[in-house]
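Q: Below is the file run-v6.tsv, which contains TSV, C-alpha atoms.
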```tsv
chain	number	residue	atom	x	y	z
A	1	MET	CA	-38.00	-20.59	-12.35
A	2	ALA	CA	-36.54	-20.10	-8.85
A	3	LEU	CA	-33.03	-19.93	-10.33
A	4	LEU	CA	-34.17	-17.30	-12.82
A	5	LEU	CA	-35.78	-15.22	-10.06
A	6	ARG	CA	-32.67	-15.50	-7.89
A	7	THR	CA	-30.46	-14.42	-10.80
A	8	VAL	CA	-32.72	-11.48	-11.59
A	9	ALA	CA	-32.84	-10.50	-7.91
A	10	ARG	CA	-29.04	-10.53	-7.58
A	11	GLN	CA	-28.06	-8.92	-10.88
A	12	GLY	CA	-30.97	-6.55	-11.34
A	13	LEU	CA	-33.25	-6.47	-14.36
A	14	TYR	CA	-32.70	-4.17	-17.28
A	15	SER	CA	-35.55	-2.72	-19.26
A	16	SER	CA	-34.78	-1.15	-22.62
A	17	ARG	CA	-36.61	1.38	-24.71
A	18	LEU	CA	-35.86	3.11	-27.98
A	19	GLN	CA	-35.93	6.89	-27.94
A	20	TYR	CA	-34.56	9.12	-30.71
A	21	GLY	CA	-32.77	6.15	-32.26
A	22	VAL	CA	-30.86	5.36	-29.03
A	23	VAL	CA	-31.52	2.38	-26.80
A	24	TYR	CA	-31.79	3.47	-23.16
A	25	ARG	CA	-31.43	0.91	-20.40
A	26	HIS	CA	-32.94	1.47	-17.00
A	27	ALA	CA	-31.95	-0.75	-14.12
A	28	VAL	CA	-34.73	-2.10	-11.98
A	29	PRO	CA	-33.68	-2.06	-8.30
A	30	MET	CA	-32.41	-5.30	-6.79
A	31	ALA	CA	-34.57	-7.23	-4.37
A	32	THR	CA	-32.01	-7.02	-1.52
A	33	THR	CA	-29.63	-4.34	-0.35
A	34	ALA	CA	-25.88	-4.72	-0.02
A	35	LYS	CA	-26.22	-4.72	3.76
A	36	GLU	CA	-28.72	-7.58	3.65
A	37	GLU	CA	-26.43	-9.54	1.30
A	38	LEU	CA	-23.48	-9.00	3.64
A	39	ASN	CA	-25.53	-10.12	6.65
A	40	ASN	CA	-26.67	-13.24	4.75
A	41	TYR	CA	-23.05	-14.00	3.79
A	42	LEU	CA	-21.78	-13.56	7.35
A	43	ALA	CA	-24.65	-15.64	8.80
A	44	LYS	CA	-23.92	-18.46	6.33
A	45	ASN	CA	-20.21	-18.42	7.23
A	46	THR	CA	-21.03	-18.46	10.93
A	47	ARG	CA	-23.53	-21.31	10.47
A	48	LEU	CA	-20.99	-23.37	8.49
A	49	ASN	CA	-18.22	-22.53	11.03
A	50	ARG	CA	-15.98	-21.06	8.32
A	51	PRO	CA	-12.94	-19.05	9.42
A	52	VAL	CA	-12.65	-15.40	8.50
A	53	SER	CA	-9.80	-15.23	6.03
A	54	PRO	CA	-7.26	-13.81	5.80
A	55	HIS	CA	-6.91	-13.47	9.52
A	56	VAL	CA	-3.78	-12.04	11.10
A	57	SER	CA	-3.64	-14.66	13.83
A	58	ILE	CA	-3.18	-17.56	11.39
A	59	TYR	CA	-0.02	-16.15	9.81
A	60	ARG	CA	3.46	-16.53	11.24
A	61	TRP	CA	5.35	-13.28	10.67
A	62	SER	CA	8.33	-13.73	8.39
A	63	VAL	CA	11.11	-11.60	6.95
A	64	PRO	CA	9.59	-11.41	3.44
A	65	MET	CA	6.22	-10.40	4.89
A	66	MET	CA	7.72	-7.63	7.00
A	67	MET	CA	9.88	-6.45	4.10
A	68	SER	CA	6.85	-6.23	1.84
A	69	ILE	CA	4.96	-4.16	4.40
A	70	SER	CA	8.03	-1.97	4.98
A	71	HIS	CA	8.53	-1.46	1.24
A	72	ARG	CA	4.98	-0.17	0.91
A	73	GLY	CA	5.36	1.97	4.04
A	74	THR	CA	8.60	3.57	2.88
A	75	GLY	CA	7.05	4.21	-0.53
A	76	VAL	CA	4.10	6.03	1.04
A	77	ALA	CA	6.41	7.94	3.41
A	78	LEU	CA	8.76	9.02	0.61
A	79	SER	CA	5.89	10.06	-1.63
A	80	SER	CA	4.26	12.01	1.20
A	81	GLY	CA	7.54	13.68	2.15
A	82	ILE	CA	8.32	14.73	-1.41
A	83	SER	CA	4.77	16.03	-1.85
A	84	ALA	CA	4.95	18.00	1.41
A	85	PHE	CA	8.33	19.46	0.42
A	86	ALA	CA	6.98	20.46	-3.01
A	87	ILE	CA	3.87	22.07	-1.53
A	88	ALA	CA	6.01	23.91	1.02
A	89	ALA	CA	8.29	25.16	-1.77
A	90	LEU	CA	5.27	26.53	-3.60
A	91	VAL	CA	3.47	28.03	-0.61
A	92	LEU	CA	6.16	29.37	1.73
A	93	PRO	CA	7.07	33.03	1.16
A	94	GLU	CA	10.88	32.81	1.31
A	95	ASN	CA	13.36	30.91	-0.86
A	96	TYR	CA	15.40	27.78	-0.06
A	97	PRO	CA	18.62	29.50	1.17
A	98	TYR	CA	16.60	31.47	3.73
A	99	TYR	CA	15.19	28.28	5.30
A	100	LEU	CA	18.58	26.55	5.13
A	101	ASP	CA	20.13	29.46	7.05
A	102	LEU	CA	17.22	29.30	9.51
A	103	ILE	CA	17.97	25.63	10.23
A	104	HIS	CA	21.70	26.38	10.64
A	105	SER	CA	20.91	29.21	13.07
A	106	MET	CA	18.99	26.83	15.34
A	107	SER	CA	22.34	25.13	16.08
A	108	PHE	CA	21.15	21.61	16.72
A	109	GLY	CA	23.74	19.28	18.22
A	110	PRO	CA	25.72	16.89	16.04
A	111	GLN	CA	23.83	13.87	17.41
A	112	PHE	CA	20.50	15.34	16.35
A	113	LEU	CA	21.83	16.14	12.88
A	114	ALA	CA	23.31	12.65	12.48
A	115	PHE	CA	20.01	11.08	13.59
A	116	SER	CA	18.07	13.33	11.20
A	117	LYS	CA	20.34	12.38	8.31
A	118	PHE	CA	19.93	8.69	9.18
A	119	ALA	CA	16.14	9.09	9.44
A	120	LEU	CA	16.08	10.62	5.95
A	121	ALA	CA	18.60	8.22	4.40
A	122	PHE	CA	17.10	4.99	5.77
A	123	PRO	CA	13.77	4.96	3.87
A	124	VAL	CA	15.46	6.10	0.64
A	125	ALA	CA	18.14	3.41	0.87
A	126	TYR	CA	15.70	0.69	1.94
A	127	HIS	CA	13.17	1.47	-0.77
A	128	SER	CA	15.92	1.66	-3.40
A	129	PHE	CA	17.62	-1.61	-2.47
A	130	ASN	CA	14.33	-3.44	-2.04
A	131	GLY	CA	13.17	-2.01	-5.37
A	132	ILE	CA	16.27	-3.52	-7.02
A	133	ARG	CA	15.37	-6.81	-5.34
A	134	HIS	CA	11.90	-6.59	-6.86
A	135	LEU	CA	13.36	-5.81	-10.28
A	136	ILE	CA	15.43	-9.00	-10.02
A	137	TRP	CA	12.26	-10.86	-9.16
A	138	ASP	CA	10.57	-9.31	-12.21
A	139	ILE	CA	13.08	-11.05	-14.47
A	140	GLY	CA	12.22	-14.35	-12.77
A	141	LYS	CA	15.26	-14.82	-10.53
A	142	GLY	CA	15.52	-15.42	-6.79
A	143	PHE	CA	12.15	-17.03	-5.99
A	144	LYS	CA	13.43	-20.02	-4.01
A	145	ILE	CA	12.83	-19.59	-0.28
A	146	PRO	CA	16.53	-19.51	0.73
A	147	GLN	CA	17.17	-16.91	-1.98
A	148	VAL	CA	14.20	-14.81	-0.80
A	149	TYR	CA	15.51	-14.77	2.76
A	150	GLY	CA	19.12	-14.21	1.63
A	151	SER	CA	18.20	-11.27	-0.58
A	152	GLY	CA	16.07	-9.89	2.25
A	153	TYR	CA	18.93	-9.98	4.74
A	154	THR	CA	21.23	-8.47	2.07
A	155	VAL	CA	18.80	-5.58	1.57
A	156	ILE	CA	18.63	-4.97	5.32
A	157	ALA	CA	22.44	-5.04	5.69
A	158	LEU	CA	23.01	-2.75	2.70
A	159	THR	CA	20.34	-0.37	3.96
A	160	ILE	CA	21.90	-0.04	7.41
A	161	LEU	CA	25.45	0.35	6.02
A	162	THR	CA	24.37	2.93	3.44
A	163	SER	CA	22.25	4.89	5.92
A	164	VAL	CA	25.07	5.02	8.48
A	165	ALA	CA	27.57	6.09	5.80
A	166	LEU	CA	25.25	8.84	4.54
A	167	ALA	CA	24.53	10.04	8.06
A	168	ALA	CA	28.26	10.23	8.83
A	169	MET	CA	28.93	12.56	5.87
```
Take the structure in the file and give it back as structure tokens.
A:
Amino acid sequence: MALLLRTVARQGLYSSRLQYGVVYRHAVPMATTAKEELNNYLAKNTRLNRPVSPHVSIYRWSVPMMMSISHRGTGVALSSGISAFAIAALVLPENYPYYLDLIHSMSFGPQFLAFSKFALAFPVAYHSFNGIRHLIWDIGKGFKIPQVYGSGYTVIALTILTSVALAAM
């Protein structure tokens, strides 16, 4: 009986009634709130001396971990940049050649332009090369630890070389 009551208290109880040929279900409120359940869960973990997992301090940072985080970050940055550019193209009153001439008239130095090109090329190159790495993984190749590290270092090297080459153009 206690197990039945506990199950009903956690899952809620449904009452059904027939109206106009359709069965309507009405949920009876649970006995505890989500906040009370969370507090019970945390108290139990504290009482049993369980670690909070996953916890950043228990992991040793590695190349694959940082590359995964960077891949997600560059994806968000590229998506945000493309979205901002598209919104600007729709909202701004002038056309593209006007703004291109405006940038040329500001006469930034060559170092600033090279850095800007590198800053734009790096996330595109990194996300592309790391995406190819993920596609190779999708076919089931390159999962051994030395291969994971080797492909990671290859992606980093190709990204730097490509970004520098694009910035130099």
Q: Which residues are close to range 75-83 of chain A, i.e. within 10 Å by only C-alpha atoms, leaving aside same-chain residues fewer than 3 positions away? Reply as a list in words.
A: Ile69, Ser70, His71, Arg72, Ala86, Ile87, Ala88, Ala89, Leu120, Pro123, Val124, Tyr126, His127, Ser128 and Gly131 of chain A
Q: Between A:Ala119, A:Ile139, A:Leu100, A:Leu42, which has the minimum distance to Ala167 in chain A (counting only C-alpha atoms)?
A: A:Ala119
Q: Quick one: pull the distance between CA of Val164 in chain A and CA of Gln111 in chain A, Å, one decimal.
A: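 CA of Val164 in chain A sits 12.6 Å away from CA of Gln111 in chain A.
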Q: First collect every listed atom of range 93-107 of chain A; then fit an axis-aligned box around them, widen it by 6 Å on each side, and give centre and edge lengths in Å to one decimal, as lines of an AutoDock Vina configuration file.
A:
```
center_x = 14.7
center_y = 29.1
center_z = 7.6
size_x = 27.3
size_y = 19.9
size_z = 28.9
```
Q: For Met169 in chain A, please output as a list of chain:residue names all residues within 12 Å (counting all atoms listed in the file; exclusion window: fewer than 6 positions along the same chain).
A: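 Selected residues are A:Pro110, A:Leu113, A:Ala114, A:Phe115, A:Lys117, A:Phe118, A:Ala121, A:Thr162, A:Ser163.
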Q: Could you jot down the CA of Phe143 in chain A to CA of Thr74 in chain A separation for me, Å, one decimal place?
A: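 Between these atoms lies a distance of 22.7 Å.
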Q: Measure the distance from CA of Gly142 in chain A to CA of Ala157 in chain A in Å and round it to one decimal.
A: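 Computed distance, CA of Gly142 in chain A to CA of Ala157 in chain A, equals 17.6 Å.
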Q: Find the residues around Ile132 in chain A up to 12 Å (all atoms listed in the file counted), leave out those fewer than 2 positions away in its own chain, and share them as a PDB file with C-alpha atoms, in the coordinates of the input.
A:
```
ATOM      1  CA  HIS A  71       8.530  -1.460   1.240  1.00  0.00           C
ATOM      2  CA  ALA A 125      18.140   3.410   0.870  1.00  0.00           C
ATOM      3  CA  TYR A 126      15.700   0.690   1.940  1.00  0.00           C
ATOM      4  CA  HIS A 127      13.170   1.470  -0.770  1.00  0.00           C
ATOM      5  CA  SER A 128      15.920   1.660  -3.400  1.00  0.00           C
ATOM      6  CA  PHE A 129      17.620  -1.610  -2.470  1.00  0.00           C
ATOM      7  CA  ASN A 130      14.330  -3.440  -2.040  1.00  0.00           C
ATOM      8  CA  HIS A 134      11.900  -6.590  -6.860  1.00  0.00           C
ATOM      9  CA  LEU A 135      13.360  -5.810 -10.280  1.00  0.00           C
ATOM     10  CA  ILE A 136      15.430  -9.000 -10.020  1.00  0.00           C
ATOM     11  CA  TRP A 137      12.260 -10.860  -9.160  1.00  0.00           C
ATOM     12  CA  ASP A 138      10.570  -9.310 -12.210  1.00  0.00           C
ATOM     13  CA  ILE A 139      13.080 -11.050 -14.470  1.00  0.00           C
ATOM     14  CA  LYS A 141      15.260 -14.820 -10.530  1.00  0.00           C
ATOM     15  CA  GLY A 142      15.520 -15.420  -6.790  1.00  0.00           C
ATOM     16  CA  SER A 151      18.200 -11.270  -0.580  1.00  0.00           C
ATOM     17  CA  GLY A 152      16.070  -9.890   2.250  1.00  0.00           C
ATOM     18  CA  THR A 154      21.230  -8.470   2.070  1.00  0.00           C
ATOM     19  CA  VAL A 155      18.800  -5.580   1.570  1.00  0.00           C
ATOM     20  CA  LEU A 158      23.010  -2.750   2.700  1.00  0.00           C
TER      21      LEU A 158
END
```
